file entry.cif (mmCIF, C-alpha atoms; chains and numbers go by the auth columns)
data_final
#
loop_
_atom_site.group_PDB
_atom_site.id
_atom_site.type_symbol
_atom_site.label_atom_id
_atom_site.label_comp_id
_atom_site.label_asym_id
_atom_site.label_seq_id
_atom_site.Cartn_x
_atom_site.Cartn_y
_atom_site.Cartn_z
_atom_site.B_iso_or_equiv
_atom_site.auth_seq_id
_atom_site.auth_asym_id
ATOM 1 C CA MET A 1 0.000 0.000 0.000 0.00 1 Z
ATOM 2 C CA SER A 2 1.219 3.485 -0.801 0.00 2 Z
ATOM 3 C CA ASP A 3 1.865 6.066 1.914 0.00 3 Z
ATOM 4 C CA THR A 4 -1.310 8.000 1.137 0.00 4 Z
ATOM 5 C CA THR A 5 -3.870 5.351 0.207 0.00 5 Z
ATOM 6 C CA VAL A 6 -6.684 4.135 2.431 0.00 6 Z
ATOM 7 C CA PRO A 7 -8.745 1.099 1.464 0.00 7 Z
ATOM 8 C CA GLU A 8 -11.947 1.245 -0.513 0.00 8 Z
ATOM 9 C CA SER A 9 -15.012 -0.401 0.949 0.00 9 Z
ATOM 10 C CA GLY A 10 -16.013 -3.746 -0.447 0.00 10 Z
ATOM 11 C CA SER A 11 -15.751 -7.459 0.214 0.00 11 Z
ATOM 12 C CA ARG A 12 -11.960 -7.745 0.428 0.00 12 Z
ATOM 13 C CA VAL A 13 -10.222 -8.195 3.770 0.00 13 Z
ATOM 14 C CA VAL A 14 -9.036 -4.880 5.222 0.00 14 Z
ATOM 15 C CA THR A 15 -6.012 -5.303 7.468 0.00 15 Z
ATOM 16 C CA ALA A 16 -4.312 -3.469 10.305 0.00 16 Z
ATOM 17 C CA ALA A 17 -1.268 -3.807 12.532 0.00 17 Z
ATOM 18 C CA LEU A 18 -0.501 -2.356 15.943 0.00 18 Z
ATOM 19 C CA LEU A 19 2.905 -1.127 17.081 0.00 19 Z
ATOM 20 C CA LEU A 20 3.209 -0.716 20.865 0.00 20 Z
ATOM 21 C CA ILE A 21 6.161 1.519 21.697 0.00 21 Z
ATOM 22 C CA GLY A 22 7.803 1.792 25.102 0.00 22 Z
ATOM 23 C CA ASN A 23 10.506 0.397 27.342 0.00 23 Z
ATOM 24 C CA GLU A 24 7.987 0.306 30.185 0.00 24 Z
ATOM 25 C CA ILE A 25 5.933 -2.362 28.409 0.00 25 Z
ATOM 26 C CA LEU A 26 8.940 -4.558 27.702 0.00 26 Z
ATOM 27 C CA SER A 27 10.211 -4.214 31.280 0.00 27 Z
ATOM 28 C CA GLY A 28 6.876 -5.312 32.704 0.00 28 Z
ATOM 29 C CA ARG A 29 6.358 -2.052 34.630 0.00 29 Z
ATOM 30 C CA THR A 30 3.318 -1.206 32.499 0.00 30 Z
ATOM 31 C CA ARG A 31 0.622 -3.737 31.651 0.00 31 Z
ATOM 32 C CA ASP A 32 -0.618 -2.968 28.148 0.00 32 Z
ATOM 33 C CA ALA A 33 -4.353 -2.486 27.715 0.00 33 Z
ATOM 34 C CA ASN A 34 -4.296 -0.986 24.242 0.00 34 Z
ATOM 35 C CA LEU A 35 -4.008 -4.198 22.218 0.00 35 Z
ATOM 36 C CA THR A 36 -7.286 -5.626 23.490 0.00 36 Z
ATOM 37 C CA TYR A 37 -9.156 -2.387 22.852 0.00 37 Z
ATOM 38 C CA ILE A 38 -7.835 -1.839 19.338 0.00 38 Z
ATOM 39 C CA ALA A 39 -8.288 -5.493 18.365 0.00 39 Z
ATOM 40 C CA THR A 40 -11.901 -5.411 19.537 0.00 40 Z
ATOM 41 C CA ARG A 41 -12.716 -2.145 17.819 0.00 41 Z
ATOM 42 C CA CYS A 42 -11.042 -3.207 14.573 0.00 42 Z
ATOM 43 C CA THR A 43 -13.117 -6.383 14.522 0.00 43 Z
ATOM 44 C CA GLU A 44 -16.279 -4.335 15.046 0.00 44 Z
ATOM 45 C CA LEU A 45 -15.283 -2.042 12.178 0.00 45 Z
ATOM 46 C CA GLY A 46 -14.579 -4.899 9.763 0.00 46 Z
ATOM 47 C CA ILE A 47 -10.804 -4.490 9.965 0.00 47 Z
ATOM 48 C CA ARG A 48 -8.631 -7.563 10.519 0.00 48 Z
ATOM 49 C CA LEU A 49 -5.812 -6.941 13.013 0.00 49 Z
ATOM 50 C CA VAL A 50 -3.141 -9.257 11.620 0.00 50 Z
ATOM 51 C CA GLU A 51 -0.093 -8.350 13.704 0.00 51 Z
ATOM 52 C CA ALA A 52 0.872 -6.627 16.953 0.00 52 Z
ATOM 53 C CA ARG A 53 4.465 -5.810 17.805 0.00 53 Z
ATOM 54 C CA VAL A 54 6.153 -4.303 20.883 0.00 54 Z
ATOM 55 C CA VAL A 55 9.389 -2.329 20.495 0.00 55 Z
ATOM 56 C CA ALA A 56 11.618 -0.348 22.817 0.00 56 Z
ATOM 57 C CA ASP A 57 12.171 3.409 22.731 0.00 57 Z
ATOM 58 C CA SER A 58 14.844 2.951 20.088 0.00 58 Z
ATOM 59 C CA GLU A 59 14.902 4.966 16.878 0.00 59 Z
ATOM 60 C CA ALA A 60 16.247 2.109 14.800 0.00 60 Z
ATOM 61 C CA ALA A 61 13.661 -0.339 16.150 0.00 61 Z
ATOM 62 C CA VAL A 62 10.715 2.006 15.700 0.00 62 Z
ATOM 63 C CA VAL A 63 11.696 3.129 12.197 0.00 63 Z
ATOM 64 C CA GLU A 64 12.211 -0.468 11.044 0.00 64 Z
ATOM 65 C CA ALA A 65 8.914 -1.600 12.523 0.00 65 Z
ATOM 66 C CA VAL A 66 6.929 1.307 11.060 0.00 66 Z
ATOM 67 C CA ASN A 67 8.287 0.725 7.569 0.00 67 Z
ATOM 68 C CA SER A 68 7.902 -3.053 7.756 0.00 68 Z
ATOM 69 C CA LEU A 69 4.320 -2.941 8.982 0.00 69 Z
ATOM 70 C CA ARG A 70 2.903 -0.013 7.016 0.00 70 Z
ATOM 71 C CA ALA A 71 3.947 -1.650 3.769 0.00 71 Z
ATOM 72 C CA ARG A 72 1.895 -4.779 4.503 0.00 72 Z
ATOM 73 C CA VAL A 73 -1.380 -3.488 5.943 0.00 73 Z
ATOM 74 C CA ASP A 74 -4.080 -0.967 5.228 0.00 74 Z
ATOM 75 C CA TYR A 75 -3.805 0.691 8.625 0.00 75 Z
ATOM 76 C CA LEU A 76 -0.909 0.878 11.060 0.00 76 Z
ATOM 77 C CA PHE A 77 -1.720 2.135 14.548 0.00 77 Z
ATOM 78 C CA THR A 78 1.051 3.075 16.978 0.00 78 Z
ATOM 79 C CA THR A 79 0.659 3.750 20.683 0.00 79 Z
ATOM 80 C CA GLY A 80 3.058 5.516 23.009 0.00 80 Z
ATOM 81 C CA GLY A 81 5.981 7.885 22.740 0.00 81 Z
ATOM 82 C CA ILE A 82 4.257 11.191 21.894 0.00 82 Z
ATOM 83 C CA GLY A 83 4.532 12.906 25.281 0.00 83 Z
ATOM 84 C CA PRO A 84 6.739 15.829 26.401 0.00 84 Z
ATOM 85 C CA THR A 85 9.892 14.038 27.582 0.00 85 Z
ATOM 86 C CA HIS A 86 13.187 13.187 25.928 0.00 86 Z
ATOM 87 C CA ASP A 87 12.280 9.517 25.484 0.00 87 Z
ATOM 88 C CA ASP A 88 9.084 10.340 23.579 0.00 88 Z
ATOM 89 C CA ILE A 89 10.571 9.757 20.138 0.00 89 Z
ATOM 90 C CA THR A 90 7.670 8.375 18.116 0.00 90 Z
ATOM 91 C CA ALA A 91 7.065 11.561 16.092 0.00 91 Z
ATOM 92 C CA ASP A 92 10.763 11.732 15.202 0.00 92 Z
ATOM 93 C CA CYS A 93 10.830 8.072 14.190 0.00 93 Z
ATOM 94 C CA VAL A 94 7.660 8.159 12.094 0.00 94 Z
ATOM 95 C CA ALA A 95 8.888 11.265 10.268 0.00 95 Z
ATOM 96 C CA LYS A 96 12.140 9.467 9.473 0.00 96 Z
ATOM 97 C CA ALA A 97 10.299 6.325 8.396 0.00 97 Z
ATOM 98 C CA VAL A 98 8.037 8.146 5.929 0.00 98 Z
ATOM 99 C CA GLY A 99 10.812 10.430 4.705 0.00 99 Z
ATOM 100 C CA ARG A 100 9.266 13.735 5.737 0.00 100 Z
ATOM 101 C CA PRO A 101 10.695 16.610 7.779 0.00 101 Z
ATOM 102 C CA LEU A 102 9.659 16.813 11.424 0.00 102 Z
ATOM 103 C CA ILE A 103 7.937 20.155 11.999 0.00 103 Z
ATOM 104 C CA GLU A 104 6.023 21.991 14.681 0.00 104 Z
ATOM 105 C CA HIS A 105 2.451 21.635 13.455 0.00 105 Z
ATOM 106 C CA PRO A 106 0.864 25.111 13.675 0.00 106 Z
ATOM 107 C CA GLU A 107 -2.591 23.819 14.534 0.00 107 Z
ATOM 108 C CA ALA A 108 -1.193 21.530 17.212 0.00 108 Z
ATOM 109 C CA ARG A 109 0.783 24.430 18.705 0.00 109 Z
ATOM 110 C CA ALA A 110 -2.331 26.590 18.779 0.00 110 Z
ATOM 111 C CA LEU A 111 -4.256 23.850 20.605 0.00 111 Z
ATOM 112 C CA LEU A 112 -1.522 23.460 23.198 0.00 112 Z
ATOM 113 C CA GLU A 113 -1.137 27.209 23.733 0.00 113 Z
ATOM 114 C CA ALA A 114 -4.879 27.563 24.242 0.00 114 Z
ATOM 115 C CA HIS A 115 -4.905 24.644 26.683 0.00 115 Z
ATOM 116 C CA TYR A 116 -1.832 25.532 28.761 0.00 116 Z
ATOM 117 C CA GLY A 117 -1.894 29.322 28.505 0.00 117 Z
ATOM 118 C CA ASP A 118 1.080 30.869 30.283 0.00 118 Z
ATOM 119 C CA GLN A 119 2.096 27.382 31.457 0.00 119 Z
ATOM 120 C CA ILE A 120 3.238 26.457 27.951 0.00 120 Z
ATOM 121 C CA ASN A 121 6.915 25.495 27.780 0.00 121 Z
ATOM 122 C CA PRO A 122 9.364 23.801 25.390 0.00 122 Z
ATOM 123 C CA ALA A 123 8.614 20.349 26.808 0.00 123 Z
ATOM 124 C CA ARG A 124 4.886 20.710 26.175 0.00 124 Z
ATOM 125 C CA LEU A 125 5.531 22.105 22.708 0.00 125 Z
ATOM 126 C CA ARG A 126 7.299 18.828 21.864 0.00 126 Z
ATOM 127 C CA MET A 127 3.781 17.407 21.636 0.00 127 Z
ATOM 128 C CA ALA A 128 3.074 19.694 18.659 0.00 128 Z
ATOM 129 C CA ARG A 129 5.693 17.991 16.486 0.00 129 Z
ATOM 130 C CA THR A 130 4.541 15.916 13.499 0.00 130 Z
ATOM 131 C CA PRO A 131 5.874 14.891 10.102 0.00 131 Z
ATOM 132 C CA GLU A 132 5.255 17.615 7.546 0.00 132 Z
ATOM 133 C CA GLY A 133 1.802 17.273 5.982 0.00 133 Z
ATOM 134 C CA ALA A 134 0.381 15.149 8.799 0.00 134 Z
ATOM 135 C CA GLU A 135 -3.274 15.405 9.805 0.00 135 Z
ATOM 136 C CA LEU A 136 -4.078 15.781 13.486 0.00 136 Z
ATOM 137 C CA ILE A 137 -6.088 13.229 15.474 0.00 137 Z
ATOM 138 C CA GLU A 138 -8.305 14.864 18.081 0.00 138 Z
ATOM 139 C CA ASN A 139 -7.578 14.278 21.769 0.00 139 Z
ATOM 140 C CA PRO A 140 -10.700 15.280 23.725 0.00 140 Z
ATOM 141 C CA VAL A 141 -9.164 14.159 27.035 0.00 141 Z
ATOM 142 C CA SER A 142 -5.924 16.137 27.368 0.00 142 Z
ATOM 143 C CA THR A 143 -5.742 18.215 24.142 0.00 143 Z
ATOM 144 C CA ALA A 144 -2.291 17.117 22.878 0.00 144 Z
ATOM 145 C CA PRO A 145 -3.191 15.519 19.528 0.00 145 Z
ATOM 146 C CA GLY A 146 -2.131 12.392 17.764 0.00 146 Z
ATOM 147 C CA PHE A 147 -1.533 12.467 14.045 0.00 147 Z
ATOM 148 C CA ARG A 148 -1.924 10.579 10.818 0.00 148 Z
ATOM 149 C CA THR A 149 0.561 10.419 7.981 0.00 149 Z
ATOM 150 C CA GLY A 150 -0.390 8.160 5.089 0.00 150 Z
ATOM 151 C CA ASN A 151 -1.727 4.936 6.573 0.00 151 Z
ATOM 152 C CA VAL A 152 0.111 5.427 9.888 0.00 152 Z
ATOM 153 C CA TYR A 153 -2.035 6.564 12.828 0.00 153 Z
ATOM 154 C CA VAL A 154 -0.031 7.721 15.843 0.00 154 Z
ATOM 155 C CA LEU A 155 -1.891 7.527 19.169 0.00 155 Z
ATOM 156 C CA ALA A 156 -1.087 8.139 22.821 0.00 156 Z
ATOM 157 C CA GLY A 157 -0.005 5.302 25.096 0.00 157 Z
ATOM 158 C CA ILE A 158 -2.248 6.125 28.071 0.00 158 Z
ATOM 159 C CA PRO A 159 -5.302 3.891 27.513 0.00 159 Z
ATOM 160 C CA LYS A 160 -7.980 6.491 28.322 0.00 160 Z
ATOM 161 C CA ILE A 161 -6.438 8.994 25.927 0.00 161 Z
ATOM 162 C CA MET A 162 -5.685 6.382 23.258 0.00 162 Z
ATOM 163 C CA GLN A 163 -9.285 5.204 23.311 0.00 163 Z
ATOM 164 C CA ALA A 164 -10.613 8.741 22.929 0.00 164 Z
ATOM 165 C CA MET A 165 -8.242 9.345 20.015 0.00 165 Z
ATOM 166 C CA PHE A 166 -9.251 6.093 18.360 0.00 166 Z
ATOM 167 C CA GLU A 167 -12.934 6.932 18.628 0.00 167 Z
ATOM 168 C CA SER A 168 -12.321 10.352 17.117 0.00 168 Z
ATOM 169 C CA LEU A 169 -10.830 8.761 14.004 0.00 169 Z
ATOM 170 C CA ALA A 170 -13.002 5.620 13.861 0.00 170 Z
ATOM 171 C CA PRO A 171 -15.730 7.166 11.651 0.00 171 Z
ATOM 172 C CA ASP A 172 -13.119 7.696 8.927 0.00 172 Z
ATOM 173 C CA LEU A 173 -11.810 4.117 8.966 0.00 173 Z
ATOM 174 C CA VAL A 174 -13.065 2.032 6.057 0.00 174 Z
ATOM 175 C CA GLY A 175 -13.512 -1.635 6.854 0.00 175 Z
ATOM 176 C CA GLY A 176 -14.418 -4.707 4.891 0.00 176 Z
ATOM 177 C CA ALA A 177 -17.070 -7.249 5.761 0.00 177 Z
ATOM 178 C CA PRO A 178 -17.406 -7.558 9.566 0.00 178 Z
ATOM 179 C CA LEU A 179 -15.710 -10.598 11.061 0.00 179 Z
ATOM 180 C CA LEU A 180 -18.256 -12.864 12.766 0.00 180 Z
ATOM 181 C CA SER A 181 -17.455 -15.539 15.316 0.00 181 Z
ATOM 182 C CA ARG A 182 -19.112 -18.599 16.856 0.00 182 Z
ATOM 183 C CA ALA A 183 -17.716 -20.759 19.642 0.00 183 Z
ATOM 184 C CA LEU A 184 -18.134 -24.265 21.016 0.00 184 Z
ATOM 185 C CA GLU A 185 -16.853 -25.910 24.170 0.00 185 Z
ATOM 186 C CA VAL A 186 -16.165 -29.625 24.373 0.00 186 Z
ATOM 187 C CA ASP A 187 -15.004 -31.794 27.277 0.00 187 Z
ATOM 188 C CA LEU A 188 -12.290 -33.566 25.283 0.00 188 Z
ATOM 189 C CA PRO A 189 -8.550 -32.824 24.995 0.00 189 Z
ATOM 190 C CA GLU A 190 -7.030 -31.172 21.919 0.00 190 Z
ATOM 191 C CA SER A 191 -5.144 -34.324 21.010 0.00 191 Z
ATOM 192 C CA VAL A 192 -8.461 -36.178 20.591 0.00 192 Z
ATOM 193 C CA ILE A 193 -10.289 -33.528 18.573 0.00 193 Z
ATOM 194 C CA ALA A 194 -7.367 -32.435 16.378 0.00 194 Z
ATOM 195 C CA GLY A 195 -8.437 -34.601 13.429 0.00 195 Z
ATOM 196 C CA VAL A 196 -11.991 -33.226 13.397 0.00 196 Z
ATOM 197 C CA LEU A 197 -10.688 -29.648 13.397 0.00 197 Z
ATOM 198 C CA THR A 198 -8.148 -30.367 10.672 0.00 198 Z
ATOM 199 C CA GLU A 199 -10.810 -31.833 8.390 0.00 199 Z
ATOM 200 C CA ALA A 200 -13.230 -28.970 9.048 0.00 200 Z
ATOM 201 C CA GLN A 201 -10.557 -26.347 8.400 0.00 201 Z
ATOM 202 C CA ALA A 202 -9.703 -27.981 5.082 0.00 202 Z
ATOM 203 C CA ALA A 203 -13.378 -28.113 4.093 0.00 203 Z
ATOM 204 C CA PHE A 204 -13.939 -24.424 4.836 0.00 204 Z
ATOM 205 C CA ALA A 205 -10.415 -23.160 4.207 0.00 205 Z
ATOM 206 C CA ASP A 206 -11.343 -20.143 2.103 0.00 206 Z
ATOM 207 C CA ALA A 207 -14.136 -18.889 4.332 0.00 207 Z
ATOM 208 C CA VAL A 208 -13.595 -19.803 7.996 0.00 208 Z
ATOM 209 C CA ASP A 209 -10.696 -19.724 10.450 0.00 209 Z
ATOM 210 C CA ILE A 210 -10.869 -22.355 13.199 0.00 210 Z
ATOM 211 C CA GLY A 211 -8.884 -22.065 16.417 0.00 211 Z
ATOM 212 C CA SER A 212 -8.719 -24.294 19.505 0.00 212 Z
ATOM 213 C CA TYR A 213 -8.007 -23.040 23.026 0.00 213 Z
ATOM 214 C CA PRO A 214 -7.631 -25.512 25.935 0.00 214 Z
ATOM 215 C CA PHE A 215 -9.037 -24.605 29.352 0.00 215 Z
ATOM 216 C CA ALA A 216 -9.086 -25.956 32.880 0.00 216 Z
ATOM 217 C CA ARG A 217 -12.205 -25.170 34.873 0.00 217 Z
ATOM 218 C CA GLY A 218 -13.773 -26.582 38.039 0.00 218 Z
ATOM 219 C CA GLY A 219 -11.397 -29.516 38.122 0.00 219 Z
ATOM 220 C CA GLY A 220 -12.147 -30.464 34.523 0.00 220 Z
ATOM 221 C CA PHE A 221 -10.465 -29.888 31.203 0.00 221 Z
ATOM 222 C CA GLY A 222 -11.745 -29.133 27.752 0.00 222 Z
ATOM 223 C CA VAL A 223 -11.306 -27.065 24.619 0.00 223 Z
ATOM 224 C CA SER A 224 -12.976 -23.936 23.359 0.00 224 Z
ATOM 225 C CA VAL A 225 -13.260 -24.026 19.557 0.00 225 Z
ATOM 226 C CA VAL A 226 -13.697 -20.619 17.932 0.00 226 Z
ATOM 227 C CA LEU A 227 -14.774 -20.247 14.309 0.00 227 Z
ATOM 228 C CA ARG A 228 -14.463 -16.916 12.510 0.00 228 Z
ATOM 229 C CA GLY A 229 -15.636 -15.784 9.096 0.00 229 Z
ATOM 230 C CA THR A 230 -17.447 -13.014 7.264 0.00 230 Z
ATOM 231 C CA ASP A 231 -20.385 -15.030 5.889 0.00 231 Z
ATOM 232 C CA GLY A 232 -22.980 -16.008 8.471 0.00 232 Z
ATOM 233 C CA GLU A 233 -24.415 -18.939 6.540 0.00 233 Z
ATOM 234 C CA THR A 234 -21.043 -20.523 5.873 0.00 234 Z
ATOM 235 C CA LEU A 235 -20.044 -19.955 9.484 0.00 235 Z
ATOM 236 C CA ALA A 236 -23.186 -21.745 10.673 0.00 236 Z
ATOM 237 C CA ARG A 237 -22.477 -24.723 8.395 0.00 237 Z
ATOM 238 C CA SER A 238 -18.898 -24.986 9.620 0.00 238 Z
ATOM 239 C CA LEU A 239 -20.095 -24.811 13.230 0.00 239 Z
ATOM 240 C CA ALA A 240 -22.555 -27.644 12.628 0.00 240 Z
ATOM 241 C CA THR A 241 -19.845 -29.726 10.953 0.00 241 Z
ATOM 242 C CA VAL A 242 -17.432 -29.294 13.853 0.00 242 Z
ATOM 243 C CA ALA A 243 -20.116 -29.923 16.486 0.00 243 Z
ATOM 244 C CA ALA A 244 -21.208 -33.146 14.771 0.00 244 Z
ATOM 245 C CA GLY A 245 -17.631 -34.373 14.555 0.00 245 Z
ATOM 246 C CA LEU A 246 -16.989 -33.665 18.236 0.00 246 Z
ATOM 247 C CA ARG A 247 -20.155 -35.488 19.279 0.00 247 Z
ATOM 248 C CA ASP A 248 -19.124 -38.470 17.169 0.00 248 Z
ATOM 249 C CA LEU A 249 -16.003 -38.617 19.336 0.00 249 Z
ATOM 250 C CA GLY A 250 -18.179 -38.862 22.451 0.00 250 Z
ATOM 251 C CA GLY A 251 -17.782 -35.269 23.551 0.00 251 Z
ATOM 252 C CA THR A 252 -20.365 -33.099 25.271 0.00 252 Z
ATOM 253 C CA VAL A 253 -20.642 -29.988 23.098 0.00 253 Z
ATOM 254 C CA GLU A 254 -22.080 -26.621 24.114 0.00 254 Z
ATOM 255 C CA GLU A 255 -22.263 -23.462 22.053 0.00 255 Z
ATOM 256 C CA ARG A 256 -20.915 -20.350 23.758 0.00 256 Z
ATOM 257 C CA THR A 257 -21.384 -16.684 22.989 0.00 257 Z
#

call {"tool": "encode", "arguments": {"input": "entry.cif", "output": "structure tokens"}}
result
Amino acid sequence: MSDTTVPESGSRVVTAALLLIGNEILSGRTRDANLTYIATRCTELGIRLVEARVVADSEAAVVEAVNSLRARVDYLFTTGGIGPTHDDITADCVAKAVGRPLIEHPEARALLEAHYGDQINPARLRMARTPEGAELIENPVSTAPGFRTGNVYVLAGIPKIMQAMFESLAPDLVGGAPLLSRALEVDLPESVIAGVLTEAQAAFADAVDIGSYPFARGGGFGVSVVLRGTDGETLARSLATVAAGLRDLGGTVEERT
């Protein structure tokens, strides 16, 4: 995908990736909440999140990841690294990745000056920096905006602010057919049901993704089988096929929401 193209609506799969930036995530000091939110919202919007990556506050790592991911997906979302301190380097890295000068965005500066008044300072003005030509992403929580350049959407790392930014841009995201899901639970181990799932996946290979997730609950063991696809009728047929196969193995099968 080119740097300026967004997908057209239609039946094709629209894809996204998420780049989580920050030493604090990799050190374990911060528990990330942004992946779950963005994955859920992308699914609701008909956008398939196909990869999530975590990188340190390293220019080389961020630039490489931005260029690798933005070339393969329709939308690349980044979180973190756009605050006022020296280690907030995301704007610098994205500008380098897309080959554009890093500037002080006049509209972003005006927003920050209006918000901080006589408390504005050079550190806070760092949050006005974007690649040249970038479009701002509204931040209704704390004013300092995110930005978009091409298919790269740069969001804050703080979950409350990131979520508000995402919702401000969500109406402009163009998705494909919404991804539907159905789930079954069976009281058999994966090793027993593997053949049934393999055959079902082959039968519906072009339309349904089938995943198996073991669980332990109340002293018992079993597997949750999740089926995902964009066509409701085909999804229902695949669900029936899998359920019948599991029952033939002697399993107790229950559909879950």

call {"tool": "closest_residue", "arguments": {"input": "entry.cif", "among": "Z:Asn34, Z:Asn139, Z:Asn23, Z:Ser68", "to": "Ile89 in chain Z", "atoms": "only C-alpha atoms"}}
result
Z:Asn23

call {"tool": "closest_residue", "arguments": {"input": "entry.cif", "among": "Z:Leu235, Z:Ala128, Z:Ile21, Z:Val226", "to": "Leu112 in chain Z", "atoms": "all atoms listed in the file"}}
result
Z:Ala128

call {"tool": "closest_residue", "arguments": {"input": "entry.cif", "among": "Z:Thr230, Z:Thr252, Z:Thr30, Z:Ser181", "to": "Gly157 in chain Z", "atoms": "only C-alpha atoms"}}
result
Z:Thr30

call {"tool": "atom_distance", "arguments": {"input": "entry.cif", "atom1": "CA of Thr149 in chain Z", "atom2": "CA of Gly117 in chain Z"}}
result
28.0 Å

call {"tool": "residues_around", "arguments": {"input": "entry.cif", "residues": "Thr43 in chain Z", "least_positions_apart": "6", "cutoff": "8 Å", "atoms": "all atoms listed in the file", "output": "PyMOL selection string"}}
result
chain Z and resi 49+178-179

call {"tool": "closest_residue", "arguments": {"input": "entry.cif", "among": "Z:Asn121, Z:Ser58, Z:Asn151, Z:Thr241", "to": "Val98 in chain Z", "atoms": "all atoms listed in the file"}}
result
Z:Asn151

call {"tool": "atom_distance", "arguments": {"input": "entry.cif", "atom1": "CA of Asn67 in chain Z", "atom2": "CA of Thr143 in chain Z"}}
result
27.9 Å

call {"tool": "resolve_selection", "arguments": {"input": "entry.cif", "expression": "the PyMOL selection byres ((chain Z and resi 131) around 10)", "output": "VMD selection string"}}
result
chain Z and resid 91 to 105 129 to 130 132 to 135 147 to 149

call {"tool": "residues_near_point", "arguments": {"input": "entry.cif", "point": "(-13.7, 14.9, 18.9)", "cutoff": "9 Å", "atoms": "all atoms listed in the file", "output": "ChimeraX atom specification"}}
result
/Z:137-140,164-165,167-169

call {"tool": "atom_distance", "arguments": {"input": "entry.cif", "atom1": "CA of Asp172 in chain Z", "atom2": "CA of Ala33 in chain Z"}}
result
23.1 Å

call {"tool": "residues_near_point", "arguments": {"input": "entry.cif", "point": "(-15.9, -18.2, 14.5)", "cutoff": "9 Å", "atoms": "all atoms listed in the file", "output": "list in words"}}
result
Leu179, Leu180, Ser181, Arg182, Ala183, Val208, Asp209, Ile210, Gly211, Val225, Val226, Leu227, Arg228, Gly229, Leu235, Ala236, Ser238 and Leu239 of chain Z

call {"tool": "build_atoms", "arguments": {"input": "entry.cif", "residues": "range 132-145 of chain Z", "atoms": "N, CA and C atoms", "output": "mmCIF file, in the frame of the given file"}}
result
data_model
loop_
_atom_site.group_PDB
_atom_site.id
_atom_site.type_symbol
_atom_site.label_atom_id
_atom_site.label_comp_id
_atom_site.auth_asym_id
_atom_site.auth_seq_id
_atom_site.Cartn_x
_atom_site.Cartn_y
_atom_site.Cartn_z
ATOM 1 N N GLU Z 132 5.858 16.599 8.409
ATOM 2 C CA GLU Z 132 5.255 17.615 7.546
ATOM 3 C C GLU Z 132 4.092 17.016 6.747
ATOM 4 N N GLY Z 133 2.968 17.724 6.712
ATOM 5 C CA GLY Z 133 1.802 17.273 5.982
ATOM 6 C C GLY Z 133 0.881 16.361 6.750
ATOM 7 N N ALA Z 134 1.216 16.060 8.001
ATOM 8 C CA ALA Z 134 0.381 15.149 8.799
ATOM 9 C C ALA Z 134 -0.953 15.805 9.148
ATOM 10 N N GLU Z 135 -1.971 14.956 9.330
ATOM 11 C CA GLU Z 135 -3.274 15.405 9.805
ATOM 12 C C GLU Z 135 -3.389 15.080 11.289
ATOM 13 N N LEU Z 136 -3.960 15.989 12.055
ATOM 14 C CA LEU Z 136 -4.078 15.781 13.486
ATOM 15 C C LEU Z 136 -5.220 14.825 13.821
ATOM 16 N N ILE Z 137 -5.041 14.085 14.913
ATOM 17 C CA ILE Z 137 -6.088 13.229 15.474
ATOM 18 C C ILE Z 137 -6.523 13.865 16.792
ATOM 19 N N GLU Z 138 -7.794 14.147 16.923
ATOM 20 C CA GLU Z 138 -8.305 14.864 18.081
ATOM 21 C C GLU Z 138 -8.083 14.088 19.373
ATOM 22 N N ASN Z 139 -7.717 14.819 20.420
ATOM 23 C CA ASN Z 139 -7.578 14.278 21.769
ATOM 24 C C ASN Z 139 -8.523 15.049 22.689
ATOM 25 N N PRO Z 140 -9.743 14.555 22.894
ATOM 26 C CA PRO Z 140 -10.700 15.280 23.725
ATOM 27 C C PRO Z 140 -10.440 15.161 25.221
ATOM 28 N N VAL Z 141 -9.448 14.360 25.612
ATOM 29 C CA VAL Z 141 -9.164 14.159 27.035
ATOM 30 C C VAL Z 141 -8.152 15.170 27.547
ATOM 31 N N SER Z 142 -7.003 15.278 26.864
ATOM 32 C CA SER Z 142 -5.924 16.137 27.368
ATOM 33 C C SER Z 142 -5.347 17.070 26.311
ATOM 34 N N THR Z 143 -6.043 17.227 25.200
ATOM 35 C CA THR Z 143 -5.742 18.215 24.142
ATOM 36 C C THR Z 143 -4.612 17.811 23.209
ATOM 37 N N ALA Z 144 -3.440 17.412 23.737
ATOM 38 C CA ALA Z 144 -2.291 17.117 22.878
ATOM 39 C C ALA Z 144 -2.684 16.072 21.837
ATOM 40 N N PRO Z 145 -2.618 16.404 20.546
ATOM 41 C CA PRO Z 145 -3.191 15.519 19.528
ATOM 42 C C PRO Z 145 -2.269 14.384 19.126
#
